[in-house]
>>> print(open('target-v2.cif').read())   # mmCIF, C-alpha atoms
data_target
loop_
_atom_site.group_PDB
_atom_site.id
_atom_site.type_symbol
_atom_site.label_atom_id
_atom_site.label_comp_id
_atom_site.auth_asym_id
_atom_site.auth_seq_id
_atom_site.Cartn_x
_atom_site.Cartn_y
_atom_site.Cartn_z
ATOM 1 C CA MET A 1 94.029 105.230 120.829
ATOM 2 C CA LYS A 2 97.510 106.552 120.270
ATOM 3 C CA TYR A 3 100.544 105.056 121.963
ATOM 4 C CA VAL A 4 104.318 105.525 121.968
ATOM 5 C CA TYR A 5 106.704 102.707 122.932
ATOM 6 C CA PRO A 6 110.490 102.450 122.896
ATOM 7 C CA ALA A 7 111.901 99.804 120.567
ATOM 8 C CA ILE A 8 115.395 98.351 120.322
ATOM 9 C CA PHE A 9 116.871 98.361 116.809
ATOM 10 C CA THR A 10 119.762 96.010 116.070
ATOM 11 C CA LYS A 11 121.746 96.220 112.830
ATOM 12 C CA GLU A 12 122.599 92.653 111.852
ATOM 13 C CA ASP A 13 123.557 90.904 108.595
ATOM 14 C CA GLY A 14 122.193 93.553 106.239
ATOM 15 C CA SER A 15 118.856 94.006 107.988
ATOM 16 C CA ILE A 16 117.567 95.720 111.099
ATOM 17 C CA LEU A 17 115.962 93.649 113.834
ATOM 18 C CA VAL A 18 113.405 95.335 116.080
ATOM 19 C CA SER A 19 112.118 94.285 119.500
ATOM 20 C CA VAL A 20 109.690 96.013 121.827
ATOM 21 C CA PRO A 21 110.543 95.002 125.403
ATOM 22 C CA ASP A 22 107.285 96.306 126.906
ATOM 23 C CA LEU A 23 105.094 94.184 124.598
ATOM 24 C CA PRO A 24 105.940 90.474 125.029
ATOM 25 C CA GLY A 25 106.687 88.652 121.796
ATOM 26 C CA THR A 26 106.785 91.810 119.683
ATOM 27 C CA HIS A 27 109.672 91.373 117.257
ATOM 28 C CA THR A 28 110.031 92.307 113.608
ATOM 29 C CA PHE A 29 112.687 93.407 111.139
ATOM 30 C CA GLY A 30 113.237 95.555 108.092
ATOM 31 C CA ALA A 31 115.534 95.559 105.099
ATOM 32 C CA ASP A 32 116.568 99.151 105.878
ATOM 33 C CA MET A 33 115.765 101.807 108.468
ATOM 34 C CA ALA A 34 112.580 103.041 106.806
ATOM 35 C CA ASP A 35 111.267 99.490 106.463
ATOM 36 C CA ALA A 36 112.196 98.672 110.075
ATOM 37 C CA LEU A 37 110.367 101.772 111.357
ATOM 38 C CA PHE A 38 107.199 100.918 109.414
ATOM 39 C CA MET A 39 107.357 97.282 110.502
ATOM 40 C CA ALA A 40 107.848 98.324 114.151
ATOM 41 C CA GLU A 41 104.803 100.611 114.000
ATOM 42 C CA ASP A 42 102.738 97.830 112.454
ATOM 43 C CA ALA A 43 103.859 95.222 115.013
ATOM 44 C CA ILE A 44 103.133 97.519 117.958
ATOM 45 C CA ALA A 45 99.727 98.562 116.603
ATOM 46 C CA MET A 46 98.787 94.912 115.974
ATOM 47 C CA TRP A 47 99.796 93.863 119.511
ATOM 48 C CA LEU A 48 97.880 96.753 121.107
ATOM 49 C CA TRP A 49 94.827 96.301 118.849
ATOM 50 C CA ASP A 50 94.602 92.656 119.864
ATOM 51 C CA ALA A 51 94.945 93.572 123.549
ATOM 52 C CA GLU A 52 92.206 96.214 123.219
ATOM 53 C CA ASN A 53 89.893 93.767 121.423
ATOM 54 C CA ASN A 54 90.380 91.157 124.158
ATOM 55 C CA SER A 55 90.144 93.655 127.058
ATOM 56 C CA GLU A 56 93.662 92.717 128.137
ATOM 57 C CA ASN A 57 95.979 94.828 130.239
ATOM 58 C CA ILE A 58 98.124 97.183 128.165
ATOM 59 C CA PRO A 59 101.509 97.768 129.785
ATOM 60 C CA ALA A 60 102.737 101.288 130.329
ATOM 61 C CA PRO A 61 105.695 102.161 128.123
ATOM 62 C CA SER A 62 109.098 102.180 129.764
ATOM 63 C CA LEU A 63 111.239 105.269 129.751
ATOM 64 C CA ARG A 64 113.579 105.332 126.783
ATOM 65 C CA GLU A 65 116.564 105.691 129.098
ATOM 66 C CA SER A 66 115.763 102.488 130.982
ATOM 67 C CA ILE A 67 115.594 100.544 127.700
ATOM 68 C CA GLU A 68 118.852 102.118 126.439
ATOM 69 C CA LYS A 69 120.671 100.540 129.402
ATOM 70 C CA ASN A 70 120.053 97.132 127.759
ATOM 71 C CA CYS A 71 121.657 98.113 124.444
ATOM 72 C CA LYS A 72 124.893 96.360 123.623
ATOM 73 C CA GLY A 73 127.405 98.087 121.408
ATOM 74 C CA LYS A 74 127.164 100.464 118.497
ATOM 75 C CA ASN A 75 124.913 98.094 116.507
ATOM 76 C CA GLN A 76 121.970 98.738 118.844
ATOM 77 C CA PHE A 77 119.950 101.852 119.578
ATOM 78 C CA VAL A 78 116.519 102.770 120.944
ATOM 79 C CA ASN A 79 113.895 104.731 119.073
ATOM 80 C CA LEU A 80 110.384 105.738 120.094
ATOM 81 C CA ILE A 81 107.630 104.336 117.877
ATOM 82 C CA ALA A 82 104.126 105.810 117.647
ATOM 83 C CA ALA A 83 101.160 103.536 116.956
ATOM 84 C CA ASP A 84 97.512 104.435 116.381
ATOM 85 C CA THR A 85 95.160 101.507 117.031
ATOM 86 C CA ASP A 86 92.135 103.371 115.646
ATOM 87 C CA GLU A 87 93.918 103.763 112.317
ATOM 88 C CA TYR A 88 95.152 100.158 112.442
ATOM 89 C CA ARG A 89 91.600 98.936 113.123
ATOM 90 C CA ARG A 90 90.258 101.018 110.247
ATOM 91 C CA LEU A 91 92.801 99.506 107.850
ATOM 92 C CA ASN A 92 92.714 95.894 109.044
ATOM 93 C CA ASP A 93 89.394 95.018 110.667
ATOM 94 C CA THR A 94 87.236 94.846 107.563
ATOM 95 C CA ARG A 95 84.826 92.132 108.707
ATOM 96 C CA ALA A 96 81.163 92.956 108.281
ATOM 97 C CA VAL A 97 78.906 93.324 111.314
ATOM 98 C CA LYS A 98 75.185 92.764 110.903
ATOM 99 C CA LYS A 99 72.980 95.563 112.275
ATOM 100 C CA THR A 100 69.212 95.622 112.526
ATOM 101 C CA LEU A 101 67.632 99.038 112.060
ATOM 102 C CA SER A 102 64.275 100.642 111.375
ATOM 103 C CA ILE A 103 63.344 103.228 108.767
ATOM 104 C CA PRO A 104 59.947 104.650 107.819
ATOM 105 C CA ALA A 105 57.946 102.475 105.387
ATOM 106 C CA TRP A 106 57.642 105.282 102.812
ATOM 107 C CA LEU A 107 61.462 105.671 102.775
ATOM 108 C CA ASN A 108 61.973 101.928 102.442
ATOM 109 C CA ALA A 109 59.545 101.790 99.495
ATOM 110 C CA GLN A 110 61.373 104.552 97.634
ATOM 111 C CA ALA A 111 64.782 103.028 98.378
ATOM 112 C CA GLU A 112 63.658 99.606 97.128
ATOM 113 C CA ARG A 113 62.304 101.144 93.900
ATOM 114 C CA ALA A 114 65.689 102.801 93.389
ATOM 115 C CA ASN A 115 67.599 99.580 94.230
ATOM 116 C CA ALA A 116 69.462 101.528 96.897
ATOM 117 C CA PRO A 117 72.601 99.824 98.260
ATOM 118 C CA TYR A 118 71.599 100.058 101.948
ATOM 119 C CA SER A 119 74.866 98.869 103.424
ATOM 120 C CA GLN A 120 76.995 101.206 101.325
ATOM 121 C CA ILE A 121 74.747 104.189 102.078
ATOM 122 C CA LEU A 122 74.747 103.458 105.813
ATOM 123 C CA GLN A 123 78.532 103.111 105.860
ATOM 124 C CA GLN A 124 79.023 106.395 104.029
ATOM 125 C CA GLY A 125 76.475 108.158 106.228
ATOM 126 C CA LEU A 126 78.204 106.926 109.396
ATOM 127 C CA LYS A 127 81.603 108.027 108.089
ATOM 128 C CA ASN A 128 80.193 111.488 107.327
ATOM 129 C CA TYR A 129 78.491 111.710 110.720
ATOM 130 C CA LEU A 130 81.670 110.616 112.544
ATOM 131 C CA GLU A 131 83.826 112.863 110.326
ATOM 132 C CA ILE A 132 86.003 109.959 109.196
ATOM 133 C CA ALA A 133 88.057 110.805 106.139
ATOM 134 C CA GLU A 134 88.677 108.105 103.575
#
>>> encode(input="target-v2.cif", output="structure tokens")
Amino acid sequence: MKYVYPAIFTKEDGSILVSVPDLPGTHTFGADMADALFMAEDAIAMWLWDAENNSENIPAPSLRESIEKNCKGKNQFVNLIAADTDEYRRLNDTRAVKKTLSIPAWLNAQAERANAPYSQILQQGLKNYLEIAE
């Protein structure tokens, strides 16, 4: 899933603090603006990924303007941050899941003679079938 949430950026002591008011406990920081943007995307994606995995309610994003009202001074501003939980899952959820499947005996015999790496072949076949680029 793809999401967009407003985040508050605060320039402070040589770094940039980031908070996402709509996602409780979502705070991060970066050494510079590029780092802060990447860290904000990662923090939001992680929060949402966890909520999806646990079937928790995902809050609707606030309007940027309503968040901007909470900014204090020229050291704070609001920026919209996009997060893709499918991409985050692909990059971070690397645990193996056991699957039981059936194939014809003749195919199994040939694959065993060739020492075929079943898991690797199945993964690649699924990626091709689902049109997932690596």
>>> closest_residue(input="target-v2.cif", among="A:Lys99, A:Lys72, A:Arg64, A:His27", to="Trp47 in chain A", atoms="all atoms listed in the file")
A:His27
>>> resolve_selection(input="target-v2.cif", expression="the PyMOL selection byres ((chain A and resi 75) around 9)", output="list in words")
Phe9, Thr10, Lys11, Glu12, Cys71, Lys72, Gly73, Lys74, Gln76 and Phe77 of chain A
>>> write_last_selection(input="target-v2.cif", atoms="C-alpha atoms", output="tab-separated table (two decimals), in the frame of the given file")
chain	number	residue	atom	x	y	z
A	9	PHE	CA	116.87	98.36	116.81
A	10	THR	CA	119.76	96.01	116.07
A	11	LYS	CA	121.75	96.22	112.83
A	12	GLU	CA	122.60	92.65	111.85
A	71	CYS	CA	121.66	98.11	124.44
A	72	LYS	CA	124.89	96.36	123.62
A	73	GLY	CA	127.40	98.09	121.41
A	74	LYS	CA	127.16	100.46	118.50
A	76	GLN	CA	121.97	98.74	118.84
A	77	PHE	CA	119.95	101.85	119.58
>>> axis_aligned_box(input="target-v2.cif", around="range 81-97 of chain A", padding_each_side="8 Å", output="lines of an AutoDock Vina configuration file")
center_x = 93.3
center_y = 99.0
center_z = 112.7
size_x = 44.7
size_y = 29.7
size_z = 26.3
>>> residues_around(input="target-v2.cif", residues="Met39 in chain A", least_positions_apart="3", cutoff="10 Å", atoms="only C-alpha atoms", output="list in words")
Leu17, Val18, His27, Thr28, Phe29, Gly30, Ala31, Met33, Ala34, Asp35, Ala36, Asp42, Ala43, Ile44 and Ala45 of chain A
>>> atom_distance(input="target-v2.cif", atom1="CA of Asp32 in chain A", atom2="CA of Ile16 in chain A")
6.3 Å
>>> residues_around(input="target-v2.cif", residues="Asp50 in chain A", least_positions_apart="6", cutoff="12 Å", atoms="all atoms listed in the file", output="count of residues only")
12
>>> resolve_selection(input="target-v2.cif", expression="the PyMOL selection byres ((chain A and resi 114-130) around 12)", output="MDAnalysis selection string")
chainID A and resid 90 96:103 107:113 131:134
>>> write_last_selection(input="target-v2.cif", atoms="C-alpha atoms", output="PDB file, keeping the file's coordinate frame")
ATOM      1  CA  ARG A  90      90.258 101.018 110.247  1.00  0.00           C
ATOM      2  CA  ALA A  96      81.163  92.956 108.281  1.00  0.00           C
ATOM      3  CA  VAL A  97      78.906  93.324 111.314  1.00  0.00           C
ATOM      4  CA  LYS A  98      75.185  92.764 110.903  1.00  0.00           C
ATOM      5  CA  LYS A  99      72.980  95.563 112.275  1.00  0.00           C
ATOM      6  CA  THR A 100      69.212  95.622 112.526  1.00  0.00           C
ATOM      7  CA  LEU A 101      67.632  99.038 112.060  1.00  0.00           C
ATOM      8  CA  SER A 102      64.275 100.642 111.375  1.00  0.00           C
ATOM      9  CA  ILE A 103      63.344 103.228 108.767  1.00  0.00           C
ATOM     10  CA  LEU A 107      61.462 105.671 102.775  1.00  0.00           C
ATOM     11  CA  ASN A 108      61.973 101.928 102.442  1.00  0.00           C
ATOM     12  CA  ALA A 109      59.545 101.790  99.495  1.00  0.00           C
ATOM     13  CA  GLN A 110      61.373 104.552  97.634  1.00  0.00           C
ATOM     14  CA  ALA A 111      64.782 103.028  98.378  1.00  0.00           C
ATOM     15  CA  GLU A 112      63.658  99.606  97.128  1.00  0.00           C
ATOM     16  CA  ARG A 113      62.304 101.144  93.900  1.00  0.00           C
ATOM     17  CA  GLU A 131      83.826 112.863 110.326  1.00  0.00           C
ATOM     18  CA  ILE A 132      86.003 109.959 109.196  1.00  0.00           C
ATOM     19  CA  ALA A 133      88.057 110.805 106.139  1.00  0.00           C
ATOM     20  CA  GLU A 134      88.677 108.105 103.575  1.00  0.00           C
TER      21      GLU A 134
END
>>> atom_distance(input="target-v2.cif", atom1="CA of Leu48 in chain A", atom2="CA of Arg95 in chain A")
18.6 Å
>>> atom_distance(input="target-v2.cif", atom1="CA of Ala40 in chain A", atom2="CA of Ala83 in chain A")
8.9 Å
